[in-house]
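Asker: So that you have it, the file is work19.cif, and it contains mmCIF, C-alpha atoms:
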```cif
data_work
#
loop_
_atom_site.label_atom_id
_atom_site.label_comp_id
_atom_site.auth_asym_id
_atom_site.auth_seq_id
_atom_site.Cartn_x
_atom_site.Cartn_y
_atom_site.Cartn_z
CA MET A 101 87.47 96.53 139.88
CA ALA A 102 90.05 93.77 139.91
CA VAL A 103 93.69 94.80 139.74
CA ASN A 104 96.48 92.49 138.70
CA GLN A 105 100.03 92.58 139.99
CA HIS A 106 101.11 94.97 137.25
CA VAL A 107 98.50 97.55 138.26
CA PHE A 108 96.63 96.87 135.06
CA HIS A 109 92.87 96.64 135.50
CA VAL A 110 90.62 94.29 133.55
CA THR A 111 86.90 94.01 134.20
CA LYS A 112 83.85 92.80 132.35
CA PRO A 113 81.53 95.85 132.23
CA PRO A 114 77.76 95.72 131.99
CA PHE A 115 76.39 96.19 128.53
CA PRO A 116 76.12 99.88 127.61
CA SER A 117 72.64 101.29 127.46
CA ALA A 118 70.98 101.86 124.13
CA ASP A 119 70.98 105.61 124.65
CA SER A 120 74.71 105.87 125.28
CA GLY A 121 75.20 107.47 121.87
CA PRO A 122 76.21 106.29 118.43
CA SER A 123 79.72 105.62 117.26
CA LEU A 124 80.81 105.12 113.71
CA GLY A 125 83.80 103.92 111.79
CA SER A 126 82.79 106.41 109.10
CA PRO A 127 79.65 108.34 108.13
CA MET A 128 77.94 105.30 106.63
CA GLY A 129 78.75 103.21 109.67
CA GLU A 130 75.90 103.78 112.10
CA PRO A 131 73.23 101.70 110.37
CA LEU A 132 74.71 98.33 111.21
CA VAL A 133 74.44 97.47 114.86
CA GLN A 134 74.03 97.60 118.65
CA CYS A 135 76.65 97.17 121.31
CA LEU A 136 77.96 93.97 122.76
CA ASN A 137 81.63 93.46 123.26
CA CYS A 138 84.99 92.14 122.12
CA MET A 139 88.23 90.85 123.45
CA GLU A 140 90.40 89.95 126.39
CA GLN A 141 94.16 90.15 126.00
CA SER A 142 97.16 88.79 127.81
CA LEU A 143 99.93 90.92 129.21
CA LYS A 144 103.69 90.92 128.87
CA THR A 145 105.83 93.29 130.85
CA ARG A 146 109.34 94.60 130.58
CA VAL A 147 111.14 97.17 132.67
CA GLN A 148 111.58 100.72 131.33
CA PRO A 149 113.15 103.86 132.82
CA PRO A 150 112.62 104.30 136.59
CA GLY A 151 109.01 104.45 137.68
CA VAL A 152 107.63 103.39 134.29
CA LEU A 153 106.31 100.01 133.22
CA LEU A 154 105.72 99.11 129.60
CA HIS A 155 102.93 96.60 129.00
CA SER A 156 102.26 94.86 125.70
CA TYR A 157 99.01 93.17 124.67
CA ASP A 158 98.99 89.84 122.89
CA LEU A 159 96.68 90.44 119.91
CA GLY A 160 97.10 86.98 118.48
CA GLU A 161 99.71 85.58 116.15
CA SER A 162 98.24 87.35 113.14
CA CYS A 163 98.69 90.87 114.51
CA ASN A 164 101.96 92.22 113.20
CA LEU A 165 103.24 95.50 114.57
CA SER A 166 105.99 97.46 112.98
CA SER A 167 108.56 97.55 115.76
CA ALA A 168 111.50 95.12 115.75
CA LYS A 169 109.86 92.80 118.28
CA GLN A 170 106.38 93.56 116.89
CA THR A 171 104.78 94.29 120.23
CA GLN A 172 102.01 96.67 121.06
CA ALA A 173 102.94 98.81 124.08
CA ALA A 174 101.24 101.18 126.47
CA PHE A 175 103.11 103.38 128.93
CA LEU A 176 102.15 102.74 132.52
CA ALA A 177 103.54 104.69 135.45
CA GLY A 178 103.54 103.95 139.18
CA SER A 179 104.13 101.08 141.52
CA ARG A 180 102.04 97.99 142.26
CA SER A 181 98.60 98.52 143.69
CA ARG A 182 96.60 96.61 146.26
CA VAL A 183 93.64 94.64 144.95
CA GLY A 184 90.65 96.95 145.06
CA ALA A 185 92.75 100.07 145.55
CA PRO A 186 92.29 102.99 143.14
CA PRO A 187 94.84 103.25 140.34
CA PRO A 188 97.93 105.19 141.42
CA ARG A 189 98.73 108.39 139.58
CA ILE A 190 102.22 109.73 139.04
CA ALA A 191 102.74 113.47 139.33
CA GLY A 192 103.63 115.04 136.03
CA SER A 193 102.75 112.03 133.88
CA SER A 194 99.85 113.86 132.21
CA CYS A 195 102.07 116.83 131.43
CA TYR A 196 104.71 114.48 130.01
CA ALA A 197 102.20 112.82 127.67
CA SER A 198 100.74 116.19 126.67
CA ALA A 199 104.22 117.45 125.87
CA ARG A 200 104.79 114.43 123.64
CA LEU A 201 101.57 115.09 121.75
CA GLY A 202 102.54 118.73 121.39
CA GLU A 203 105.93 117.71 120.04
CA LEU A 204 104.30 115.43 117.47
CA GLU A 205 101.81 118.14 116.50
CA ALA A 206 104.68 120.56 115.88
CA LEU A 207 106.45 118.06 113.62
CA VAL A 208 103.27 117.40 111.63
CA GLN A 209 102.48 121.11 111.41
CA ASP A 210 105.90 121.71 109.86
CA VAL A 211 105.07 119.17 107.14
CA VAL A 212 101.66 120.75 106.53
CA LYS A 213 103.11 124.27 106.26
CA ALA A 214 105.68 123.06 103.74
CA SER A 215 102.98 121.44 101.58
CA SER A 216 101.24 123.04 98.63
CA TRP A 217 97.47 123.40 98.22
CA TRP A 218 97.60 120.53 95.74
CA GLU A 219 99.09 118.25 98.40
CA ARG A 220 96.77 119.46 101.18
CA HIS A 221 93.50 119.33 99.22
CA GLY A 222 94.04 119.09 95.47
CA VAL A 223 94.92 115.41 95.17
CA ASP A 224 91.82 114.22 97.00
CA CYS A 225 89.54 116.73 95.25
CA ALA A 226 90.92 115.48 91.91
CA ILE A 227 90.12 111.86 92.83
CA LEU A 228 86.56 112.83 93.73
CA ALA A 229 86.19 114.88 90.54
CA LEU A 230 87.45 111.98 88.42
CA SER A 231 84.90 109.72 90.08
CA VAL A 232 82.08 112.08 89.09
CA LEU A 233 83.44 112.39 85.53
CA ALA A 234 83.65 108.59 85.20
CA LEU A 235 79.97 108.07 86.01
CA PRO A 236 78.65 108.64 82.43
CA ALA A 237 81.03 105.98 81.11
CA GLY A 238 79.76 103.53 83.73
CA PHE A 239 76.10 104.19 82.89
CA LEU A 240 76.78 103.86 79.16
CA CYS A 241 78.62 100.54 79.61
CA LEU A 242 75.45 99.14 81.16
CA ARG A 243 73.68 99.57 77.80
CA SER A 244 75.88 96.85 76.29
CA GLU A 245 74.67 93.30 75.84
CA HIS A 246 78.21 91.98 76.23
CA VAL A 247 78.75 90.57 79.69
CA LEU A 248 82.31 91.87 80.00
CA VAL A 249 81.37 95.44 79.07
CA PHE A 250 78.37 95.29 81.40
CA ALA A 251 80.64 94.08 84.21
CA VAL A 252 83.01 96.98 83.53
CA GLY A 253 80.07 99.35 83.88
CA VAL A 254 79.03 97.83 87.20
CA THR A 255 82.63 98.04 88.44
CA ILE A 256 83.00 101.69 87.41
CA LEU A 257 79.74 102.69 89.06
CA GLY A 258 80.47 100.64 92.20
CA VAL A 259 83.96 102.04 92.72
CA CYS A 260 82.79 105.59 91.96
CA HIS A 261 79.87 105.17 94.38
CA TYR A 262 82.16 104.15 97.24
CA THR A 263 84.68 106.85 96.40
CA LEU A 264 81.97 109.48 96.71
CA THR A 265 80.11 107.98 99.66
CA VAL A 266 83.02 106.75 101.79
CA LYS A 267 86.05 108.84 100.86
CA GLY A 268 84.02 111.94 99.99
CA SER A 269 81.68 111.71 102.98
CA HIS A 270 84.52 110.98 105.37
CA LEU A 271 86.64 113.93 104.25
CA ALA A 272 83.61 116.25 104.15
CA THR A 273 82.55 115.20 107.65
CA HIS A 274 85.97 116.28 108.95
CA GLY A 275 86.07 119.44 106.85
CA ALA A 276 89.23 118.18 105.17
CA LEU A 277 88.26 119.02 101.57
CA THR A 278 88.58 122.78 101.87
CA GLU A 279 89.51 125.46 104.37
CA SER A 280 86.28 127.36 103.66
CA LYS A 281 83.54 126.75 106.22
CA ARG A 282 80.82 127.55 103.70
CA TRP A 283 82.12 125.10 101.10
CA SER A 284 82.73 122.50 103.82
CA LYS A 285 79.00 122.64 104.65
CA ILE A 286 78.05 122.34 100.97
CA TRP A 287 80.33 119.34 100.42
CA LEU A 288 79.04 117.73 103.62
CA LEU A 289 75.45 117.90 102.37
CA PHE A 290 76.39 116.72 98.89
CA PHE A 291 78.51 113.73 99.85
CA VAL A 292 76.59 112.57 102.93
CA GLU A 293 72.97 113.30 102.04
CA VAL A 294 72.87 113.24 98.22
CA CYS A 295 75.48 110.53 97.56
CA THR A 296 75.29 108.42 100.73
CA ALA A 297 71.59 108.88 101.59
CA PHE A 298 72.32 109.55 105.23
CA THR A 299 71.79 112.54 107.52
CA ALA A 300 74.70 114.97 107.74
CA GLU A 301 73.97 115.95 111.34
CA TYR A 302 74.10 112.40 112.67
CA ALA A 303 77.07 111.49 110.50
CA LYS A 304 79.07 114.33 111.98
CA TYR A 305 77.82 113.74 115.52
CA GLY A 306 78.43 110.00 115.53
CA HIS A 307 81.74 110.05 113.70
CA VAL A 308 83.48 113.26 114.78
CA LYS A 309 81.99 114.06 118.17
CA MET A 310 81.68 110.48 119.43
CA HIS A 311 83.98 108.06 117.59
CA HIS A 312 86.93 110.45 117.32
CA ALA A 313 86.50 112.17 120.66
CA TYR A 314 86.04 108.87 122.52
CA THR A 315 87.92 106.32 120.44
CA ASN A 316 87.49 102.85 121.98
CA VAL A 317 85.68 104.26 125.03
CA VAL A 318 82.99 101.69 125.85
CA GLY A 319 79.48 102.96 125.21
CA LEU A 320 80.65 106.09 123.39
CA GLY A 321 83.20 105.65 120.62
CA ASP A 322 83.91 101.92 120.80
CA SER A 323 82.61 100.97 117.31
CA SER A 324 79.84 99.03 119.07
CA THR A 325 77.31 99.94 116.37
CA TRP A 326 79.07 97.42 114.15
CA ARG A 327 78.16 94.42 116.34
CA LEU A 328 75.27 92.09 115.55
CA PRO A 329 75.62 89.35 118.18
CA GLY A 330 72.57 87.48 116.89
CA LEU A 331 74.38 86.53 113.68
CA ASN A 332 76.99 83.81 113.41
CA ARG A 333 80.45 84.65 112.11
CA TYR A 334 79.92 83.62 108.49
CA VAL A 335 76.56 85.33 108.08
CA TYR A 336 77.95 88.51 109.64
CA MET A 337 81.24 88.61 107.76
CA PHE A 338 79.95 87.57 104.32
CA LEU A 339 76.18 88.15 104.05
CA ALA A 340 75.36 91.05 106.39
CA PRO A 341 77.43 93.60 104.41
CA LEU A 342 75.00 93.24 101.51
CA MET A 343 72.34 94.93 103.65
CA ILE A 344 74.32 98.18 104.03
CA PRO A 345 72.77 99.88 100.95
CA VAL A 346 69.27 99.10 102.26
CA ILE A 347 69.83 99.82 105.94
CA THR A 348 71.62 103.16 105.46
CA PRO A 349 68.66 105.25 104.19
CA LEU A 350 66.22 103.49 106.53
CA VAL A 351 68.27 104.41 109.58
CA ALA A 352 68.65 107.94 108.24
CA VAL A 353 64.86 108.31 108.04
CA GLU A 354 64.50 106.99 111.58
CA ARG A 355 67.05 109.54 112.81
CA LEU A 356 65.12 112.39 111.24
CA ARG A 357 62.51 112.14 113.99
CA LYS A 358 65.06 113.73 116.32
CA VAL A 359 66.03 116.75 114.19
CA GLU A 360 64.28 120.04 113.48
CA GLY A 361 61.53 120.12 110.86
CA TRP A 362 63.43 122.14 108.26
CA THR A 363 66.49 119.94 108.63
CA ALA A 364 64.37 116.82 108.16
CA VAL A 365 62.73 118.25 105.01
CA ARG A 366 66.12 119.23 103.58
CA THR A 367 67.63 115.82 104.30
CA LEU A 368 64.66 113.93 102.83
CA GLY A 369 64.80 116.09 99.71
CA LEU A 370 68.55 115.59 99.17
CA MET A 371 68.35 111.86 99.88
CA ALA A 372 65.46 111.51 97.42
CA LEU A 373 67.44 113.48 94.83
CA GLY A 374 70.40 111.12 95.11
CA LEU A 375 68.41 107.89 95.14
CA TYR A 376 65.94 108.84 92.41
CA GLY A 377 68.71 110.37 90.30
CA HIS A 378 70.57 107.06 90.36
CA TYR A 379 67.39 105.18 89.44
CA TRP A 380 66.45 107.65 86.67
CA LEU A 381 69.88 107.44 85.04
CA LEU A 382 69.71 103.63 84.97
CA LEU A 383 66.34 103.80 83.18
CA ASN A 384 67.10 106.62 80.77
CA LEU A 385 70.86 106.51 80.19
CA SER A 386 71.62 102.83 80.72
CA GLY A 387 68.43 101.69 78.98
CA PHE A 388 66.95 99.35 81.61
CA LYS A 389 63.45 98.37 80.55
CA SER A 390 61.85 97.62 83.90
CA PRO A 391 61.95 99.26 87.34
CA SER A 392 62.90 95.95 88.98
CA SER A 393 65.98 95.46 86.80
CA ALA A 394 67.06 99.07 87.41
CA LEU A 395 66.64 98.64 91.18
CA ALA A 396 68.59 95.37 91.08
CA CYS A 397 71.49 97.05 89.27
CA MET A 398 71.29 99.98 91.67
CA PHE A 399 71.62 97.57 94.59
CA LEU A 400 74.50 95.71 92.92
CA THR A 401 76.60 98.83 92.37
CA ARG A 402 75.92 100.14 95.89
CA ALA A 403 76.92 96.80 97.43
CA LEU A 404 80.04 96.22 95.33
CA LEU A 405 82.56 97.10 98.07
CA ALA A 406 80.27 96.56 101.06
CA HIS A 407 82.32 93.63 102.38
CA PRO A 408 85.65 95.43 102.71
CA TYR A 409 83.78 98.49 103.99
CA LEU A 410 82.35 96.58 106.93
CA HIS A 411 85.57 94.64 107.52
CA VAL A 412 87.77 97.74 107.59
CA ASN A 413 85.55 99.39 110.19
CA ILE A 414 85.79 96.48 112.61
CA PHE A 415 89.40 95.45 111.93
CA GLN A 416 90.88 98.81 112.91
CA HIS A 417 89.37 99.19 116.39
CA ILE A 418 87.63 96.09 117.71
CA GLY A 419 90.05 93.64 119.31
CA LEU A 420 92.26 96.47 120.55
CA PRO A 421 92.24 97.91 124.11
CA MET A 422 88.94 99.43 125.23
CA PHE A 423 88.62 102.11 127.90
CA SER A 424 86.01 103.23 130.42
CA ARG A 425 84.52 106.70 130.14
CA ASP A 426 85.70 107.52 133.68
CA HIS A 427 89.33 106.49 133.16
CA LYS A 428 90.02 107.08 129.48
CA PRO A 429 93.69 107.71 128.78
CA LEU A 430 95.25 110.81 127.31
CA ARG A 431 94.77 111.37 123.60
CA ILE A 432 98.17 110.15 122.39
CA HIS A 433 97.80 106.89 124.33
CA MET A 434 94.16 106.42 123.31
CA MET A 435 94.91 106.80 119.61
CA SER A 436 98.15 104.83 119.53
CA LEU A 437 96.64 101.94 121.50
CA GLY A 438 93.15 101.81 120.05
CA VAL A 439 93.76 102.27 116.32
CA LEU A 440 95.31 99.97 113.71
CA ASN A 441 96.64 100.56 110.18
CA LEU A 442 96.11 98.16 107.31
CA PRO A 443 98.64 97.94 104.46
CA ARG A 444 98.15 99.94 101.27
CA LEU A 445 95.55 98.32 98.99
CA PRO A 446 95.15 100.15 95.64
CA VAL A 447 91.38 99.79 95.15
CA LEU A 448 90.57 100.53 98.79
CA ASP A 449 93.09 103.39 98.92
CA TRP A 450 91.24 104.97 96.00
CA ALA A 451 87.66 104.26 97.09
CA PHE A 452 87.96 104.60 100.88
CA GLY A 453 91.00 106.87 101.20
CA HIS A 454 94.34 106.49 102.95
CA SER A 455 92.93 107.79 106.24
CA LEU A 456 90.63 104.75 106.47
CA ILE A 457 93.16 102.17 105.29
CA SER A 458 96.92 102.60 105.71
CA CYS A 459 96.94 105.87 107.68
CA HIS A 460 94.18 105.33 110.23
CA VAL A 461 96.47 106.00 113.20
CA GLU A 462 97.57 109.26 111.59
CA HIS A 463 93.96 110.15 110.85
CA HIS A 464 92.86 109.67 114.45
CA LEU A 465 95.73 111.79 115.71
CA PHE A 466 95.13 114.51 113.10
CA PRO A 467 91.54 114.12 111.82
CA ARG A 468 91.41 117.35 109.79
CA LEU A 469 94.19 116.26 107.45
CA SER A 470 93.19 115.07 103.99
CA ASP A 471 93.94 111.52 102.83
CA ASN A 472 96.98 112.64 100.87
CA MET A 473 98.37 114.59 103.83
CA CYS A 474 97.84 111.62 106.16
CA LEU A 475 99.96 109.59 103.76
CA LYS A 476 102.60 112.32 103.67
CA VAL A 477 102.91 112.62 107.48
CA LYS A 478 102.80 108.86 108.01
CA PRO A 479 106.63 108.46 108.19
CA VAL A 480 106.82 111.32 110.70
CA VAL A 481 104.13 109.85 112.96
CA SER A 482 105.48 106.30 112.69
CA ARG A 483 109.05 107.34 113.48
CA PHE A 484 107.95 109.52 116.42
CA LEU A 485 105.84 106.79 118.05
CA HIS A 486 108.61 104.24 117.63
CA GLU A 487 111.21 106.58 119.09
CA LYS A 488 108.98 107.25 122.11
CA GLN A 489 108.23 103.51 122.42
CA LEU A 490 104.53 104.06 121.92
CA PRO A 491 102.32 101.59 120.02
CA TYR A 492 102.03 101.77 116.24
CA ASN A 493 99.66 99.00 115.25
CA GLU A 494 99.75 97.47 111.77
CA ASP A 495 98.33 94.26 110.38
CA SER A 496 97.29 92.81 107.03
CA TYR A 497 93.69 92.55 105.81
CA LEU A 498 93.80 88.76 105.47
CA ALA A 499 95.43 88.32 108.87
CA ARG A 500 92.69 90.35 110.53
CA LEU A 501 90.02 88.44 108.61
CA ARG A 502 91.41 85.12 109.84
CA LEU A 503 91.68 86.48 113.37
CA PHE A 504 88.07 87.68 113.45
CA LEU A 505 86.75 84.43 112.01
CA SER A 506 88.64 82.40 114.60
CA ARG A 507 87.77 84.67 117.56
CA TYR A 508 84.40 86.02 116.46
CA GLU A 509 82.59 85.25 119.72
CA GLU A 510 85.32 86.93 121.74
CA PHE A 511 85.49 90.06 119.59
CA MET A 512 81.94 90.56 118.36
CA VAL A 513 79.66 89.01 121.00
CA GLN A 514 81.27 89.07 124.44
CA ALA A 515 81.70 92.21 126.52
CA PRO A 516 85.22 93.68 126.22
CA PRO A 517 87.57 94.05 129.16
CA ILE A 518 88.31 97.57 130.32
CA THR A 519 91.91 98.70 129.97
CA GLU A 520 93.26 101.24 132.45
CA LEU A 521 96.65 102.85 132.03
CA VAL A 522 97.58 103.56 135.60
CA GLY A 523 99.30 106.88 136.19
CA VAL A 524 98.82 108.37 132.73
CA GLN A 525 95.14 109.34 132.73
#
```
Could you show the structure in this file as structure tokens?

Answerer:
Amino acid sequence: MAVNQHVFHVTKPPFPSADSGPSLGSPMGEPLVQCLNCMEQSLKTRVQPPGVLLHSYDLGESCNLSSAKQTQAAFLAGSRSRVGAPPPRIAGSSCYASARLGELEALVQDVVKASSWWERHGVDCAILALSVLALPAGFLCLRSEHVLVFAVGVTILGVCHYTLTVKGSHLATHGALTESKRWSKIWLLFFVEVCTAFTAEYAKYGHVKMHHAYTNVVGLGDSSTWRLPGLNRYVYMFLAPLMIPVITPLVAVERLRKVEGWTAVRTLGLMALGLYGHYWLLLNLSGFKSPSSALACMFLTRALLAHPYLHVNIFQHIGLPMFSRDHKPLRIHMMSLGVLNLPRLPVLDWAFGHSLISCHVEHHLFPRLSDNMCLKVKPVVSRFLHEKQLPYNEDSYLARLRLFLSRYEEFMVQAPPITELVGVQ
């Protein structure tokens, strides 16, 4: 492995094997793709307290970080290394980083303890309940012959669908809707299998046990399932998202070959209930006369927010530092380096949740917090990371879109370089 003069290692790894395990941006994420790799970044260095080097990564002009100089930083400890020599390790650096994470956890825990049930769970449960209650209005609007009213119906159903399938499934997968294990299991099956038409076991495995446990670790949690290197940038960014409603249940069925018989029967039954229920309501409540028109409307509502859904999942991880499974950094460095927040966007905040939009860093550090609690602890996490001179990545949706269109080959086709933080693993 090549080592530069700042003891920062960058290599082009071989492509991960197909059986290296899934990784998802959220429970609906797995259907889209196989792994190839993203980006190579330049380095800037400035001196920090004795024995510590602070390296920043140039993410392109469009990446705006929230510090005064808007740089992304990773703590590196140790002296320069010979080319080919193993990365030096500084005694006590792991304990120092662990102590920092413990300090941040204590601050966040104080906020959680001071919060009411309504703040911890109630706000997000209310949003999900309102989405269910709004469904009849959406179906009834589709009975109208007026184009505007019909469009309102499609919008209501589309937004409600993504609120239940993305926000609901994501919170249920993390057990963030309730503190009851029994109800957590019920909500997981409802939101993931009935609403999303995916398998709960693989959603939880791919998202929680892989993506969160190995964030940006190549071949494990590196969001590689979102890459389709055979597509050009415009087809991928603007046409491929429309296939998400079709691909999701097909991949779920394929995954059922690897689960126990009873689990497969249960999942197939719940998926069929959700899909047929949607179809039946369009025929009987919305008044569609033919199966083809009902299926077309079903596809339209399920694809309404597919573009931002795909974009969000690639914007917040791909293009940031990637790590090898043998030298992955400590948790606080992995999450602060490999995760990016987008600004608050009202429709996406409602349909996807704060933890997937403006509080993604907070979510990766504290995945069991609800969307509302991630928003509440955001100032605490942001201030702490800035005070400790750790990265806190933020960028706008349009800036990331322009960046990915201009550097699509680098981010979505080529193999990513491996980042090693010497002395802090």

Asker: Quick check, in Å to one decimal: how far apart do atom CA of His311 of chain A and atom CA of Pro517 of chain A lie?

Answerer: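 Atom-to-atom, atom CA of His311 of chain A and atom CA of Pro517 of chain A are spaced 18.5 Å apart.
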
Asker: Identify, on the basis of only C-alpha atoms, every residue whose closest approach to His454 of chain A does not exceed 10 Å; exclude the query and any residue fewer than 3 positions from it along the same chain; express the result as an NGL selection string.

Answerer: :A and (267 or 441-446 or 448-451 or 457-460 or 462-463 or 470-475)

Asker: Here is a test: counting only C-alpha atoms, which residue of A:Gly275, A:Pro421, A:Pro236, A:Gly387 is nearest to Pro467 of chain A?

Answerer: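 Among A:Gly275, A:Pro421, A:Pro236, A:Gly387, it is A:Gly275 that comes nearest to Pro467 of chain A.
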
Asker: Within 9 Å of segment 498-514 of chain A, which residues of segment 294-410 of chain A show up? Give each one with its shortest atom-to-atom distance in Å (one decimal) and the two atoms involved, counting only C-alpha atoms, rows by chain then rising residue number, as JSON lines.

Answerer:
```
{"residue": "A:Ser324", "atom": "CA", "partner": "A:Met512", "partner_atom": "CA", "distance": 8.8}
{"residue": "A:Trp326", "atom": "CA", "partner": "A:Met512", "partner_atom": "CA", "distance": 8.5}
{"residue": "A:Arg327", "atom": "CA", "partner": "A:Met512", "partner_atom": "CA", "distance": 5.8}
{"residue": "A:Leu328", "atom": "CA", "partner": "A:Met512", "partner_atom": "CA", "distance": 7.4}
{"residue": "A:Pro329", "atom": "CA", "partner": "A:Val513", "partner_atom": "CA", "distance": 4.9}
{"residue": "A:Gly330", "atom": "CA", "partner": "A:Val513", "partner_atom": "CA", "distance": 8.3}
{"residue": "A:Asn332", "atom": "CA", "partner": "A:Tyr508", "partner_atom": "CA", "distance": 8.3}
{"residue": "A:Arg333", "atom": "CA", "partner": "A:Tyr508", "partner_atom": "CA", "distance": 6.0}
{"residue": "A:Tyr334", "atom": "CA", "partner": "A:Leu505", "partner_atom": "CA", "distance": 7.7}
{"residue": "A:Met337", "atom": "CA", "partner": "A:Leu505", "partner_atom": "CA", "distance": 8.1}
```

Asker: With distances taken over all atoms listed in the file, which of A:Thr299, A:Lys309, A:Arg402, A:Val335 is nearest to Val365 of chain A?

Answerer: A:Thr299

Asker: Could you jot down the atom CA of Val439 of chain A to atom CA of Leu420 of chain A separation for me, Å, one decimal place?

Answerer: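 Atom CA of Leu420 of chain A lies 7.3 Å from atom CA of Val439 of chain A.
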
Asker: Run through the PyMOL selection byres ((chain A and resi 255-259) around 12) on the given coordinates and return the selected residues as an mmCIF file with C-alpha atoms, in the frame of the given file.

Answerer:
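Listing of out-v4.cif after writing:
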```
data_model
loop_
_atom_site.group_PDB
_atom_site.id
_atom_site.type_symbol
_atom_site.label_atom_id
_atom_site.label_comp_id
_atom_site.auth_asym_id
_atom_site.auth_seq_id
_atom_site.Cartn_x
_atom_site.Cartn_y
_atom_site.Cartn_z
ATOM 1 C CA ILE A 227 90.120 111.860 92.830
ATOM 2 C CA LEU A 228 86.560 112.830 93.730
ATOM 3 C CA LEU A 230 87.450 111.980 88.420
ATOM 4 C CA SER A 231 84.900 109.720 90.080
ATOM 5 C CA VAL A 232 82.080 112.080 89.090
ATOM 6 C CA LEU A 233 83.440 112.390 85.530
ATOM 7 C CA ALA A 234 83.650 108.590 85.200
ATOM 8 C CA LEU A 235 79.970 108.070 86.010
ATOM 9 C CA PRO A 236 78.650 108.640 82.430
ATOM 10 C CA ALA A 237 81.030 105.980 81.110
ATOM 11 C CA GLY A 238 79.760 103.530 83.730
ATOM 12 C CA PHE A 239 76.100 104.190 82.890
ATOM 13 C CA LEU A 240 76.780 103.860 79.160
ATOM 14 C CA CYS A 241 78.620 100.540 79.610
ATOM 15 C CA LEU A 242 75.450 99.140 81.160
ATOM 16 C CA LEU A 248 82.310 91.870 80.000
ATOM 17 C CA VAL A 249 81.370 95.440 79.070
ATOM 18 C CA PHE A 250 78.370 95.290 81.400
ATOM 19 C CA ALA A 251 80.640 94.080 84.210
ATOM 20 C CA VAL A 252 83.010 96.980 83.530
ATOM 21 C CA GLY A 253 80.070 99.350 83.880
ATOM 22 C CA VAL A 254 79.030 97.830 87.200
ATOM 23 C CA CYS A 260 82.790 105.590 91.960
ATOM 24 C CA HIS A 261 79.870 105.170 94.380
ATOM 25 C CA TYR A 262 82.160 104.150 97.240
ATOM 26 C CA THR A 263 84.680 106.850 96.400
ATOM 27 C CA LEU A 264 81.970 109.480 96.710
ATOM 28 C CA THR A 265 80.110 107.980 99.660
ATOM 29 C CA VAL A 266 83.020 106.750 101.790
ATOM 30 C CA LYS A 267 86.050 108.840 100.860
ATOM 31 C CA PRO A 345 72.770 99.880 100.950
ATOM 32 C CA HIS A 378 70.570 107.060 90.360
ATOM 33 C CA LEU A 381 69.880 107.440 85.040
ATOM 34 C CA LEU A 382 69.710 103.630 84.970
ATOM 35 C CA SER A 386 71.620 102.830 80.720
ATOM 36 C CA CYS A 397 71.490 97.050 89.270
ATOM 37 C CA MET A 398 71.290 99.980 91.670
ATOM 38 C CA PHE A 399 71.620 97.570 94.590
ATOM 39 C CA LEU A 400 74.500 95.710 92.920
ATOM 40 C CA THR A 401 76.600 98.830 92.370
ATOM 41 C CA ARG A 402 75.920 100.140 95.890
ATOM 42 C CA ALA A 403 76.920 96.800 97.430
ATOM 43 C CA LEU A 404 80.040 96.220 95.330
ATOM 44 C CA LEU A 405 82.560 97.100 98.070
ATOM 45 C CA ALA A 406 80.270 96.560 101.060
ATOM 46 C CA TYR A 409 83.780 98.490 103.990
ATOM 47 C CA PRO A 446 95.150 100.150 95.640
ATOM 48 C CA VAL A 447 91.380 99.790 95.150
ATOM 49 C CA LEU A 448 90.570 100.530 98.790
ATOM 50 C CA ASP A 449 93.090 103.390 98.920
ATOM 51 C CA TRP A 450 91.240 104.970 96.000
ATOM 52 C CA ALA A 451 87.660 104.260 97.090
ATOM 53 C CA PHE A 452 87.960 104.600 100.880
#
```

Asker: Measuring atom to atom with only C-alpha atoms, identify which of A:Leu440, A:Leu204, A:Ala394, A:Ile518 is nearest to Met422 of chain A.

Answerer: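 That would be A:Ile518, the residue with the smallest distance to Met422 of chain A.
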
Asker: Pick out the closest residue to Glu520 of chain A from this set: A:Leu456, A:Val480, A:Ile344, A:Leu437. Count only C-alpha atoms.

Answerer: A:Leu437

Asker: Quick one, how far is atom CA of Ile418 of chain A from atom CA of Arg200 of chain A?

Answerer: 25.8 Å

Asker: Counting all atoms listed in the file, figure out which residue out of A:His407, A:Phe466, A:Ile432, A:Ala300 gets nearest to Met343 of chain A.

Answerer: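 Looking at the shortest contact to Met343 of chain A, the residue is A:His407.
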
Asker: Find the residues around segment 216-218 of chain A up to 10 Å (all atoms listed in the file counted), leave out those fewer than 6 positions away in its own chain, and share them as a PyMOL selection string.

Answerer: chain A and resi 224-226+278+472

Asker: Taking the file as shown, what set of residues would the PyMOL selection byres ((chain A and resi 370-373) around 12) give back, as a VMD selection string?

Answerer: chain A and resid 286 288 to 300 348 to 350 352 to 353 356 363 to 369 374 to 381

Asker: Using all atoms listed in the file, which residue out of A:Leu490, A:Pro341, A:Val461, A:Lys476 lies closest to Val223 of chain A?

Answerer: A:Lys476
